[in-house]
Amino acid sequence: MKNKQIENCITVEHLNKTYITYKRGETFRETVKSFFKREQVLIKAVNDISFTVPSGSIIGVLGPNGAGKSTLIKMMTGTLFPTSGTIDVMGYMPVKNRSRYVRRIGAVFGQKSQLIWDIPPVDSFAMNAAIYNIPKDVYKSRLDKMCAMFDLGDVIYKPTRVLSLGERMKCEFIMAMLHEPEVVFLDEPTIGLDVIAKQKIRSFIKAMNKNGTTFVLTTHDLEDVEQLAQEVIIVNHGEKVFDGTLHELRSILGEKKIISLTFDKAVKDFSLKGATIVEKPSDREIVLEVDTSKASVSKVIKKISEQYVFTDISVKELPMETIITHVYNE
Amino acid sequence: MKNKISFLSKLHSALHLYKIGLKVAFSTELAYRANFIMSSLIMLCFNILFPLVTVLMYQWSSFPGWNIWEVLLIQSIFTIAQGFNSMFFSGIFWQTNERIREGSLEVILLKPVNSLLFMMSSSINPEGIGVMLGGGIMYGFALYHVGITSIAFFVQSVLFFLGGLCVMWSFTMIMSATSFKWVGNSRIPEIFDSLLNFGKYPSRIFPQAIQAIITYIIPVAMIGYYPASALLGKMEISQLLLLIPCVIFCILGMLLYNWMIKLYEGVGG
């Protein structure tokens with residue numbers, strides 16, 4: 001009997017990052033005072049975080065603004081020194097062997113561009129091809145393939161400054177993927193994009209993941225996580241508050257379902273054992289939350305149909321927002 | 001043998017990177033044609049205008065021991081160095097400064113190349129060509145009037161000129177290094193520019209203390225004054241030792257910059 005062991009390509013242990021910033025008051029007097037003497041404030045951006053990422057997976061890092069997600073990603077890409085703790089990515093310590101390490105990774109920062117603003121993306125691509133020593137024919141075929149995946153057409157020949165945000169983000173992905181990195185870090189890659197662009201980028205990530213690329217993704221967009229990530233880490237105030245699969249995250253509030261009902265006439269004083277009303281959009285509509293570990297969905301529907309006549313019904317999962325808000329607040 | 005090969009391949013890839021950066025910098029500049037032509041002209045005018053002021057000044061007073069052509073020789077060499085500086089070096093300061101303020105230095109750190117070399121190659125400013133050309137023409141005129149008396153003097157002058165470039169390079173390094181700790185310091189070059197002014201005139205006109213400072217501590221005299229003096233045969237061979245402070249200054253500047261990159265903490269995202 002052989003145990004198939006999944007190899008971890010990223011191992012993070014007891015990672016810490018502490019910053020010193022300066023506090024400044026808001027009144028004019030305090031502003032003047034702070035010009036001469038500034039009060040130091042110690043900020044723990046990342047506090048004792050440990051986790052592992054299996055090769056070839058997509059892991060989502062969630063957290064509110066300022067939770068320490070970007071700091072975490074920066075340390076993993078080797079551009080920021082950890083205060084303490086270790087990071088191992090494919091056998092490299094990111095900050096130690098930076099120039100050899102970064103050759104094997106890619107990164108897309110939603111808020112920082114790697115493209116050169118004044119010239120067309122294709123010139124930036126050519127620059128990266130030269131930096132990573134990609135042979136001309138390989139570069140050409142990779143570029144054509146990725147442009148086709150993104151439907152980019154002649155967009156890559158226009159100056160970067162005239163591109164729409166969606167077009168630019170697609171080009172950022174090409175820029176980061178041309179050298180076919182094994183691990184790719186994405187920091188809020190879908191921020192500010194429209195639905196279609198988001199969808200295109202998600203299917204691109206999925207396709208690349210199928211070829212074996214590991215992705216670490218920070219985002220605020222729960223759709224990103226639901227569609228892409230197999231595992232989720234939630235960070236809040238610099239600390240890891242959840243680490244597990246999407247399924248485990250869903251069951252954190254128990255096995256709950258949301259049932260929306262529309263009745264044939266106005267319903268007053270609706271009550272049902274095992275179900276709680278979470279919303280009443282109108283006097284003919286009711287949204288219920290049902291704990292399926294106590295009462296099965298079929299039982300609940302049966303009970304309702306015995307007492308009332310409804311014209312429409314839908315059963316859904318508990319919204320991700322509710323779960324995440326619960327985790328953040330804990 | 002292995003070391004030699006790896007050094008050669010390193011050098012080769014460095015040159016290759018520089019070539020790419022050069023291409024990118026030129027295409028960036030040429031993207032705005034009108035701006036490129038205008039700023040080349042403006043830079044040329046400003047840099048040529050300055051020696052003209054010297055000529056006017058000379059009508060009323062003079063620098064002891066130096067005739068007008070000899071002073072213009074200093075200033076033409078200074079102008080060439082200035083053009084070289086603005087074409088190859090000063091972009092590093094502006095790019096470092098801006099990237100730190102915006103927190104986008106990571107983008108460079110993510111590339112598998114020497115950050116300083118990448119920054120240097122991608123921030124070349126082709127407008128400097130105009131200044132170098134202007135300085136070159138002026139140099140030709142001045143040289144025509146003073147004449148070269150010996151090849152040895154000329155070689156010595158070129159060595160001093162290279163020393164002057166070392167000084168300008170270290171200025172760029174020190175200024176850029178300060179950007180890491182002192183974010184948004186866009187006025188710093190003005191301080192350095194005023195220091196540079198000491199290199200535009202014969203050092204003898206300054207008090208002894210200042211002469212010592214601009215020769216040994218912050219060797220700005222090396223930028224225009226020493227190369228011109230050497231060319232005119234006013235320097236001893238032993239004075240080539242004066243290049244030592246320049247080289248030290250240069251190495252210190254570079255070490256400081258690389259150290260600052262190591263310390264760089266990012267502005268947070």
# chains A, B, ... in the order shown; residues from 1 in each chain; ligands from 1

$ residues_around --residues "Ser27 of chain B" --least-positions-apart "5" --cutoff "10 Å" --atoms "only C-alpha atoms" --output "ChimeraX atom specification"
/A:118-120,123 /B:21-22,32

$ interface_residues --of "chain A" --to "chain B" --cutoff "9 Å" --atoms "only C-alpha atoms" --output "mmCIF file with N, CA and C atoms, in the first residue's frame"
data_model
loop_
_atom_site.group_PDB
_atom_site.id
_atom_site.type_symbol
_atom_site.label_atom_id
_atom_site.label_comp_id
_atom_site.auth_asym_id
_atom_site.auth_seq_id
_atom_site.Cartn_x
_atom_site.Cartn_y
_atom_site.Cartn_z
ATOM 1 N N TYR A 19 6.122 46.675 11.461
ATOM 2 C CA TYR A 19 6.513 47.970 10.904
ATOM 3 C C TYR A 19 6.596 49.019 11.992
ATOM 4 N N GLY A 66 -6.300 46.216 4.764
ATOM 5 C CA GLY A 66 -5.329 46.420 5.844
ATOM 6 C C GLY A 66 -5.139 45.214 6.733
ATOM 7 N N GLY A 68 -3.284 42.647 6.085
ATOM 8 C CA GLY A 68 -1.926 42.116 5.980
ATOM 9 C C GLY A 68 -1.742 41.191 4.786
ATOM 10 N N LYS A 69 -2.748 41.133 3.907
ATOM 11 C CA LYS A 69 -2.656 40.245 2.738
ATOM 12 C C LYS A 69 -1.503 40.631 1.819
ATOM 13 N N SER A 70 -1.430 41.927 1.479
ATOM 14 C CA SER A 70 -0.396 42.376 0.549
ATOM 15 C C SER A 70 0.989 42.202 1.154
ATOM 16 N N THR A 71 1.108 42.478 2.451
ATOM 17 C CA THR A 71 2.389 42.292 3.129
ATOM 18 C C THR A 71 2.815 40.834 3.019
ATOM 19 N N LYS A 74 3.930 40.136 -0.520
ATOM 20 C CA LYS A 74 5.236 40.751 -0.788
ATOM 21 C C LYS A 74 6.353 39.911 -0.187
ATOM 22 N N THR A 77 6.918 36.926 -2.339
ATOM 23 C CA THR A 77 7.583 37.174 -3.619
ATOM 24 C C THR A 77 9.045 37.579 -3.423
ATOM 25 N N GLY A 78 9.460 37.755 -2.179
ATOM 26 C CA GLY A 78 10.863 38.058 -1.934
ATOM 27 C C GLY A 78 11.191 39.535 -2.009
ATOM 28 N N THR A 79 10.177 40.393 -2.070
ATOM 29 C CA THR A 79 10.465 41.813 -2.171
ATOM 30 C C THR A 79 10.376 42.511 -0.818
ATOM 31 N N LEU A 80 10.075 41.753 0.216
ATOM 32 C CA LEU A 80 9.975 42.338 1.552
ATOM 33 C C LEU A 80 10.565 41.349 2.552
ATOM 34 N N PHE A 81 11.406 41.864 3.447
ATOM 35 C CA PHE A 81 12.022 40.991 4.456
ATOM 36 C C PHE A 81 11.021 40.678 5.560
ATOM 37 N N ARG A 98 17.030 35.828 -4.178
ATOM 38 C CA ARG A 98 15.993 36.529 -4.916
ATOM 39 C C ARG A 98 16.117 36.400 -6.427
ATOM 40 N N SER A 99 17.311 36.686 -6.977
ATOM 41 C CA SER A 99 17.357 36.760 -8.435
ATOM 42 C C SER A 99 17.144 35.391 -9.083
ATOM 43 N N ARG A 100 17.553 34.301 -8.390
ATOM 44 C CA ARG A 100 17.283 32.981 -8.968
ATOM 45 C C ARG A 100 15.816 32.604 -8.735
ATOM 46 N N TYR A 101 15.328 33.002 -7.570
ATOM 47 C CA TYR A 101 13.952 32.662 -7.197
ATOM 48 C C TYR A 101 12.929 33.329 -8.121
ATOM 49 N N VAL A 102 13.076 34.628 -8.347
ATOM 50 C CA VAL A 102 12.045 35.341 -9.115
ATOM 51 C C VAL A 102 11.966 34.870 -10.575
ATOM 52 N N ARG A 103 13.006 34.193 -11.037
ATOM 53 C CA ARG A 103 12.967 33.641 -12.385
ATOM 54 C C ARG A 103 11.859 32.580 -12.512
ATOM 55 N N ILE A 105 9.004 32.485 -10.567
ATOM 56 C CA ILE A 105 7.661 32.890 -10.139
ATOM 57 C C ILE A 105 7.145 34.029 -11.012
ATOM 58 N N GLY A 106 5.861 34.274 -10.912
ATOM 59 C CA GLY A 106 5.264 35.415 -11.592
ATOM 60 C C GLY A 106 4.387 36.155 -10.602
ATOM 61 N N ALA A 107 4.063 37.404 -10.904
ATOM 62 C CA ALA A 107 3.198 38.147 -9.995
ATOM 63 C C ALA A 107 2.388 39.172 -10.766
ATOM 64 N N PHE A 109 0.041 42.459 -9.716
ATOM 65 C CA PHE A 109 -0.520 43.323 -8.682
ATOM 66 C C PHE A 109 -1.616 44.167 -9.320
ATOM 67 N N GLN A 111 -2.941 46.731 -8.433
ATOM 68 C CA GLN A 111 -2.824 48.189 -8.311
ATOM 69 C C GLN A 111 -1.460 48.718 -8.706
ATOM 70 N N LYS A 112 -0.579 47.838 -9.175
ATOM 71 C CA LYS A 112 0.734 48.294 -9.633
ATOM 72 C C LYS A 112 1.016 47.678 -10.983
ATOM 73 N N SER A 113 1.335 48.523 -11.941
ATOM 74 C CA SER A 113 1.501 48.005 -13.293
ATOM 75 C C SER A 113 2.941 47.608 -13.567
ATOM 76 N N GLN A 114 3.103 46.507 -14.288
ATOM 77 C CA GLN A 114 4.446 46.117 -14.721
ATOM 78 C C GLN A 114 4.677 46.563 -16.155
ATOM 79 N N ILE A 116 4.989 49.237 -19.290
ATOM 80 C CA ILE A 116 5.532 50.588 -19.372
ATOM 81 C C ILE A 116 4.469 51.495 -19.991
ATOM 82 N N TRP A 117 4.155 52.517 -19.262
ATOM 83 C CA TRP A 117 2.990 53.362 -19.513
ATOM 84 C C TRP A 117 2.927 53.944 -20.925
ATOM 85 N N ASP A 118 4.034 54.444 -21.427
ATOM 86 C CA ASP A 118 3.989 55.226 -22.663
ATOM 87 C C ASP A 118 4.104 54.409 -23.941
ATOM 88 N N ILE A 119 4.472 53.148 -23.824
ATOM 89 C CA ILE A 119 4.669 52.369 -25.047
ATOM 90 C C ILE A 119 3.719 51.172 -25.074
ATOM 91 N N ASP A 123 5.868 45.908 -26.543
ATOM 92 C CA ASP A 123 7.270 46.271 -26.283
ATOM 93 C C ASP A 123 7.695 45.821 -24.882
ATOM 94 N N SER A 124 6.769 45.962 -23.926
ATOM 95 C CA SER A 124 7.064 45.493 -22.572
ATOM 96 C C SER A 124 7.240 43.977 -22.567
ATOM 97 N N ALA A 126 8.282 42.133 -25.031
ATOM 98 C CA ALA A 126 9.573 41.820 -25.660
ATOM 99 C C ALA A 126 10.700 42.027 -24.654
ATOM 100 N N MET A 127 10.549 43.063 -23.819
ATOM 101 C CA MET A 127 11.561 43.321 -22.796
ATOM 102 C C MET A 127 11.637 42.150 -21.818
ATOM 103 N N ASN A 128 10.464 41.684 -21.367
ATOM 104 C CA ASN A 128 10.466 40.546 -20.447
ATOM 105 C C ASN A 128 11.030 39.291 -21.101
ATOM 106 N N ALA A 130 13.303 39.125 -23.238
ATOM 107 C CA ALA A 130 14.758 39.245 -23.243
ATOM 108 C C ALA A 130 15.320 39.043 -21.838
ATOM 109 N N ILE A 131 14.638 39.600 -20.840
ATOM 110 C CA ILE A 131 15.112 39.455 -19.460
ATOM 111 C C ILE A 131 15.126 37.981 -19.041
ATOM 112 N N TYR A 132 14.089 37.248 -19.448
ATOM 113 C CA TYR A 132 13.994 35.843 -19.035
ATOM 114 C C TYR A 132 14.631 34.893 -20.056
ATOM 115 N N PRO A 159 -0.554 52.062 -27.351
ATOM 116 C CA PRO A 159 0.154 52.482 -26.132
ATOM 117 C C PRO A 159 -0.641 52.096 -24.882
#

$ select_by_dssp --residues "segment 50-231 of chain B" --states "alpha helix (DSSP H)" --output "VMD selection string"
chain B and resid 50 to 60 68 to 84 90 to 102 106 to 109 115 to 122 128 to 146 151 to 181 188 to 196 208 to 212 225 to 231

$ write_last_selection --atoms "C-alpha atoms" --output "short mmCIF file (atom, residue, chain, number, x, y, z; two decimals), in the first residue's frame"
data_model
loop_
_atom_site.label_atom_id
_atom_site.label_comp_id
_atom_site.auth_asym_id
_atom_site.auth_seq_id
_atom_site.Cartn_x
_atom_site.Cartn_y
_atom_site.Cartn_z
CA PHE B 50 25.73 79.46 -19.41
CA PRO B 51 29.18 79.68 -21.04
CA LEU B 52 27.95 82.78 -22.89
CA VAL B 53 27.39 84.40 -19.50
CA THR B 54 31.02 83.60 -18.72
CA VAL B 55 32.09 85.33 -21.91
CA LEU B 56 30.10 88.41 -20.91
CA MET B 57 31.53 88.31 -17.39
CA TYR B 58 34.99 88.24 -18.87
CA GLN B 59 34.44 91.67 -20.39
CA TRP B 60 34.60 93.18 -16.91
CA ILE B 68 38.78 83.23 -21.77
CA TRP B 69 39.37 80.14 -23.97
CA GLU B 70 40.87 78.23 -21.10
CA VAL B 71 37.84 78.98 -18.93
CA LEU B 72 35.55 77.96 -21.76
CA LEU B 73 37.50 74.72 -21.99
CA ILE B 74 36.60 73.97 -18.36
CA GLN B 75 33.01 74.81 -19.03
CA SER B 76 32.74 72.82 -22.23
CA ILE B 77 34.13 69.73 -20.49
CA PHE B 78 31.72 70.40 -17.65
CA THR B 79 28.84 70.66 -20.14
CA ILE B 80 29.75 67.35 -21.78
CA ALA B 81 29.86 65.69 -18.37
CA GLN B 82 26.52 67.29 -17.51
CA GLY B 83 24.99 65.95 -20.74
CA PHE B 84 26.36 62.50 -20.02
CA SER B 90 19.98 61.27 -13.48
CA GLY B 91 17.06 59.08 -14.63
CA ILE B 92 18.01 56.61 -11.91
CA PHE B 93 17.30 59.23 -9.26
CA TRP B 94 13.93 60.20 -10.73
CA GLN B 95 12.87 56.62 -11.23
CA THR B 96 13.92 55.57 -7.74
CA ASN B 97 12.23 58.58 -6.20
CA GLU B 98 8.96 58.01 -8.05
CA ARG B 99 8.86 54.26 -7.55
CA ILE B 100 9.40 54.60 -3.81
CA ARG B 101 6.73 57.24 -3.49
CA GLU B 102 4.28 55.08 -5.41
CA GLU B 106 8.63 45.74 -6.12
CA VAL B 107 7.94 45.54 -9.82
CA ILE B 108 11.68 45.92 -10.43
CA LEU B 109 12.68 43.66 -7.56
CA SER B 115 17.94 46.16 -9.97
CA LEU B 116 20.42 49.00 -10.36
CA LEU B 117 21.41 47.92 -13.86
CA PHE B 118 17.78 47.55 -14.87
CA MET B 119 16.91 50.94 -13.43
CA MET B 120 19.91 52.50 -15.19
CA SER B 121 19.07 51.02 -18.56
CA SER B 122 15.36 51.77 -18.44
CA GLY B 128 21.17 64.52 -23.03
CA ILE B 129 22.55 64.01 -26.54
CA GLY B 130 21.79 67.63 -27.36
CA VAL B 131 23.76 68.87 -24.38
CA MET B 132 26.72 66.60 -25.12
CA LEU B 133 26.72 67.79 -28.72
CA GLY B 134 26.61 71.43 -27.66
CA GLY B 135 29.41 70.85 -25.15
CA GLY B 136 31.39 69.03 -27.82
CA ILE B 137 31.14 71.93 -30.25
CA MET B 138 32.21 74.37 -27.57
CA TYR B 139 35.07 72.05 -26.63
CA GLY B 140 36.19 72.03 -30.27
CA PHE B 141 36.23 75.82 -30.39
CA ALA B 142 38.09 76.20 -27.13
CA LEU B 143 40.58 73.51 -28.09
CA TYR B 144 41.16 75.18 -31.45
CA HIS B 145 42.18 78.35 -29.64
CA VAL B 146 44.35 76.82 -26.90
CA ILE B 151 49.21 63.57 -26.26
CA ALA B 152 50.14 62.71 -22.67
CA PHE B 153 48.27 65.81 -21.47
CA PHE B 154 45.26 64.73 -23.49
CA VAL B 155 45.29 61.19 -22.03
CA GLN B 156 45.63 62.61 -18.54
CA SER B 157 42.71 64.93 -19.26
CA VAL B 158 40.53 62.04 -20.40
CA LEU B 159 41.38 60.09 -17.23
CA PHE B 160 40.38 63.07 -15.11
CA PHE B 161 37.20 63.39 -17.14
CA LEU B 162 36.33 59.76 -16.33
CA GLY B 163 37.05 60.57 -12.70
CA GLY B 164 34.56 63.42 -13.01
CA LEU B 165 31.94 61.03 -14.34
CA CYS B 166 32.61 58.82 -11.30
CA VAL B 167 31.81 61.80 -9.10
CA MET B 168 28.56 62.49 -10.95
CA TRP B 169 27.63 58.83 -10.73
CA SER B 170 28.16 58.80 -7.00
CA PHE B 171 26.06 61.96 -6.66
CA THR B 172 23.23 60.10 -8.39
CA MET B 173 23.72 57.11 -6.11
CA ILE B 174 23.73 59.18 -2.93
CA MET B 175 20.72 61.23 -4.01
CA SER B 176 18.79 58.11 -4.97
CA ALA B 177 19.75 56.39 -1.73
CA THR B 178 18.31 59.28 0.26
CA SER B 179 14.98 58.72 -1.52
CA PHE B 180 14.57 55.46 0.36
CA LYS B 181 14.50 57.11 3.76
CA ILE B 188 17.60 67.23 -3.43
CA PRO B 189 19.07 67.59 -6.95
CA GLU B 190 19.05 71.34 -6.49
CA ILE B 191 21.43 71.04 -3.54
CA PHE B 192 23.73 68.86 -5.60
CA ASP B 193 23.45 71.14 -8.59
CA SER B 194 24.66 74.07 -6.53
CA LEU B 195 27.57 71.95 -5.27
CA LEU B 196 28.40 71.13 -8.88
CA GLN B 208 41.89 77.32 0.32
CA ALA B 209 39.37 75.45 2.46
CA ILE B 210 36.86 75.20 -0.37
CA GLN B 211 39.62 74.13 -2.76
CA ALA B 212 40.49 71.27 -0.41
CA TYR B 225 38.51 72.01 -13.76
CA TYR B 226 41.02 69.14 -13.53
CA PRO B 227 40.46 67.70 -17.01
CA ALA B 228 40.90 71.18 -18.49
CA SER B 229 44.00 71.92 -16.38
CA ALA B 230 45.54 68.62 -17.45
CA LEU B 231 44.88 69.38 -21.08
#

$ atom_distance --atom1 "atom CA of Thr31 of chain A" --atom2 "atom CA of Ile43 of chain A"
20.9 Å

$ residues_around --residues "Ser293 of chain A" --least-positions-apart "5" --cutoff "9 Å" --atoms "only C-alpha atoms" --output "PyMOL selection string"
chain A and resi 254-256

$ atom_distance --atom1 "atom CA of Arg161 of chain A" --atom2 "atom CA of Leu115 of chain A"
9.7 Å

$ residues_around --residues "segment 48-54 of chain A" --least-positions-apart "6" --cutoff "7 Å" --atoms "only C-alpha atoms" --output "PDB file with N, CA and C atoms, in the first residue's frame"
ATOM      1  N   ILE A   6       0.801  14.420  -1.341  1.00  0.00           N
ATOM      2  CA  ILE A   6       0.790  15.623  -2.176  1.00  0.00           C
ATOM      3  C   ILE A   6       1.934  16.523  -1.728  1.00  0.00           C
ATOM      4  N   GLU A   7       2.714  16.946  -2.703  1.00  0.00           N
ATOM      5  CA  GLU A   7       3.877  17.761  -2.383  1.00  0.00           C
ATOM      6  C   GLU A   7       3.442  19.211  -2.139  1.00  0.00           C
ATOM      7  N   ASN A   8       4.001  19.806  -1.095  1.00  0.00           N
ATOM      8  CA  ASN A   8       3.711  21.222  -0.873  1.00  0.00           C
ATOM      9  C   ASN A   8       4.743  22.061  -1.598  1.00  0.00           C
ATOM     10  N   CYS A   9       4.299  23.040  -2.371  1.00  0.00           N
ATOM     11  CA  CYS A   9       5.316  23.860  -3.016  1.00  0.00           C
ATOM     12  C   CYS A   9       5.579  25.129  -2.227  1.00  0.00           C
ATOM     13  N   ILE A  10       4.678  25.470  -1.321  1.00  0.00           N
ATOM     14  CA  ILE A  10       4.934  26.623  -0.451  1.00  0.00           C
ATOM     15  C   ILE A  10       4.719  26.210   1.003  1.00  0.00           C
ATOM     16  N   THR A  11       5.692  26.504   1.842  1.00  0.00           N
ATOM     17  CA  THR A  11       5.536  26.268   3.271  1.00  0.00           C
ATOM     18  C   THR A  11       5.910  27.555   4.007  1.00  0.00           C
ATOM     19  N   VAL A  12       4.958  28.074   4.746  1.00  0.00           N
ATOM     20  CA  VAL A  12       5.204  29.300   5.517  1.00  0.00           C
ATOM     21  C   VAL A  12       5.095  28.946   6.988  1.00  0.00           C
ATOM     22  N   GLU A  13       6.114  29.321   7.766  1.00  0.00           N
ATOM     23  CA  GLU A  13       6.091  28.966   9.193  1.00  0.00           C
ATOM     24  C   GLU A  13       6.359  30.168  10.085  1.00  0.00           C
ATOM     25  N   HIS A  14       5.433  30.391  10.992  1.00  0.00           N
ATOM     26  CA  HIS A  14       5.535  31.440  12.024  1.00  0.00           C
ATOM     27  C   HIS A  14       6.024  32.763  11.450  1.00  0.00           C
ATOM     28  N   LEU A  15       5.391  33.205  10.408  1.00  0.00           N
ATOM     29  CA  LEU A  15       5.819  34.421   9.738  1.00  0.00           C
ATOM     30  C   LEU A  15       5.337  35.662  10.490  1.00  0.00           C
ATOM     31  N   ASN A  16       6.275  36.612  10.664  1.00  0.00           N
ATOM     32  CA  ASN A  16       5.938  37.873  11.332  1.00  0.00           C
ATOM     33  C   ASN A  16       6.478  39.043  10.540  1.00  0.00           C
ATOM     34  N   GLU A 239      -3.512  38.278  11.563  1.00  0.00           N
ATOM     35  CA  GLU A 239      -3.499  36.895  12.036  1.00  0.00           C
ATOM     36  C   GLU A 239      -4.339  35.994  11.157  1.00  0.00           C
ATOM     37  N   LYS A 240      -3.960  34.726  11.099  1.00  0.00           N
ATOM     38  CA  LYS A 240      -4.742  33.777  10.321  1.00  0.00           C
ATOM     39  C   LYS A 240      -5.956  33.373  11.150  1.00  0.00           C
TER      40      LYS A 240
END

$ atom_distance --atom1 "atom CA of Ile237 of chain B" --atom2 "atom CA of Pro207 of chain B"
24.4 Å

$ decode --residues "segment 152-169 of chain A" --atoms "N, CA and C atoms" --output "PDB file, in the first residue's frame"
ATOM      1  N   LEU A 152      -7.387  39.393 -27.385  1.00  0.00           N
ATOM      2  CA  LEU A 152      -6.813  40.741 -27.326  1.00  0.00           C
ATOM      3  C   LEU A 152      -6.677  41.423 -28.687  1.00  0.00           C
ATOM      4  N   GLY A 153      -6.557  40.642 -29.753  1.00  0.00           N
ATOM      5  CA  GLY A 153      -6.456  41.250 -31.083  1.00  0.00           C
ATOM      6  C   GLY A 153      -5.282  42.199 -31.190  1.00  0.00           C
ATOM      7  N   ASP A 154      -5.545  43.412 -31.683  1.00  0.00           N
ATOM      8  CA  ASP A 154      -4.417  44.350 -31.869  1.00  0.00           C
ATOM      9  C   ASP A 154      -4.235  45.291 -30.684  1.00  0.00           C
ATOM     10  N   VAL A 155      -4.904  44.965 -29.569  1.00  0.00           N
ATOM     11  CA  VAL A 155      -4.807  45.809 -28.374  1.00  0.00           C
ATOM     12  C   VAL A 155      -3.351  45.962 -27.928  1.00  0.00           C
ATOM     13  N   ILE A 156      -2.568  44.877 -28.074  1.00  0.00           N
ATOM     14  CA  ILE A 156      -1.192  44.909 -27.560  1.00  0.00           C
ATOM     15  C   ILE A 156      -0.283  45.838 -28.351  1.00  0.00           C
ATOM     16  N   TYR A 157      -0.785  46.366 -29.461  1.00  0.00           N
ATOM     17  CA  TYR A 157       0.040  47.291 -30.248  1.00  0.00           C
ATOM     18  C   TYR A 157      -0.297  48.755 -29.968  1.00  0.00           C
ATOM     19  N   LYS A 158      -1.297  48.976 -29.087  1.00  0.00           N
ATOM     20  CA  LYS A 158      -1.655  50.364 -28.734  1.00  0.00           C
ATOM     21  C   LYS A 158      -0.870  50.765 -27.488  1.00  0.00           C
ATOM     22  N   PRO A 159      -0.554  52.062 -27.351  1.00  0.00           N
ATOM     23  CA  PRO A 159       0.154  52.482 -26.132  1.00  0.00           C
ATOM     24  C   PRO A 159      -0.641  52.096 -24.882  1.00  0.00           C
ATOM     25  N   THR A 160       0.066  51.645 -23.852  1.00  0.00           N
ATOM     26  CA  THR A 160      -0.589  51.183 -22.630  1.00  0.00           C
ATOM     27  C   THR A 160      -1.532  52.232 -22.045  1.00  0.00           C
ATOM     28  N   ARG A 161      -1.140  53.508 -22.138  1.00  0.00           N
ATOM     29  CA  ARG A 161      -1.952  54.553 -21.496  1.00  0.00           C
ATOM     30  C   ARG A 161      -3.345  54.689 -22.087  1.00  0.00           C
ATOM     31  N   VAL A 162      -3.574  54.217 -23.332  1.00  0.00           N
ATOM     32  CA  VAL A 162      -4.917  54.359 -23.908  1.00  0.00           C
ATOM     33  C   VAL A 162      -5.777  53.112 -23.674  1.00  0.00           C
ATOM     34  N   LEU A 163      -5.228  52.075 -23.056  1.00  0.00           N
ATOM     35  CA  LEU A 163      -6.001  50.847 -22.861  1.00  0.00           C
ATOM     36  C   LEU A 163      -7.018  51.006 -21.728  1.00  0.00           C
ATOM     37  N   SER A 164      -8.112  50.218 -21.831  1.00  0.00           N
ATOM     38  CA  SER A 164      -9.074  50.204 -20.729  1.00  0.00           C
ATOM     39  C   SER A 164      -8.462  49.357 -19.606  1.00  0.00           C
ATOM     40  N   LEU A 165      -9.039  49.492 -18.407  1.00  0.00           N
ATOM     41  CA  LEU A 165      -8.488  48.756 -17.262  1.00  0.00           C
ATOM     42  C   LEU A 165      -8.494  47.252 -17.532  1.00  0.00           C
ATOM     43  N   GLY A 166      -9.582  46.774 -18.139  1.00  0.00           N
ATOM     44  CA  GLY A 166      -9.699  45.341 -18.425  1.00  0.00           C
ATOM     45  C   GLY A 166      -8.614  44.881 -19.378  1.00  0.00           C
ATOM     46  N   GLU A 167      -8.417  45.655 -20.448  1.00  0.00           N
ATOM     47  CA  GLU A 167      -7.385  45.306 -21.430  1.00  0.00           C
ATOM     48  C   GLU A 167      -6.008  45.302 -20.776  1.00  0.00           C
ATOM     49  N   ARG A 168      -5.800  46.310 -19.914  1.00  0.00           N
ATOM     50  CA  ARG A 168      -4.491  46.418 -19.277  1.00  0.00           C
ATOM     51  C   ARG A 168      -4.231  45.237 -18.345  1.00  0.00           C
ATOM     52  N   MET A 169      -5.251  44.843 -17.592  1.00  0.00           N
ATOM     53  CA  MET A 169      -5.078  43.715 -16.673  1.00  0.00           C
ATOM     54  C   MET A 169      -4.745  42.441 -17.435  1.00  0.00           C
TER      55      MET A 169
END
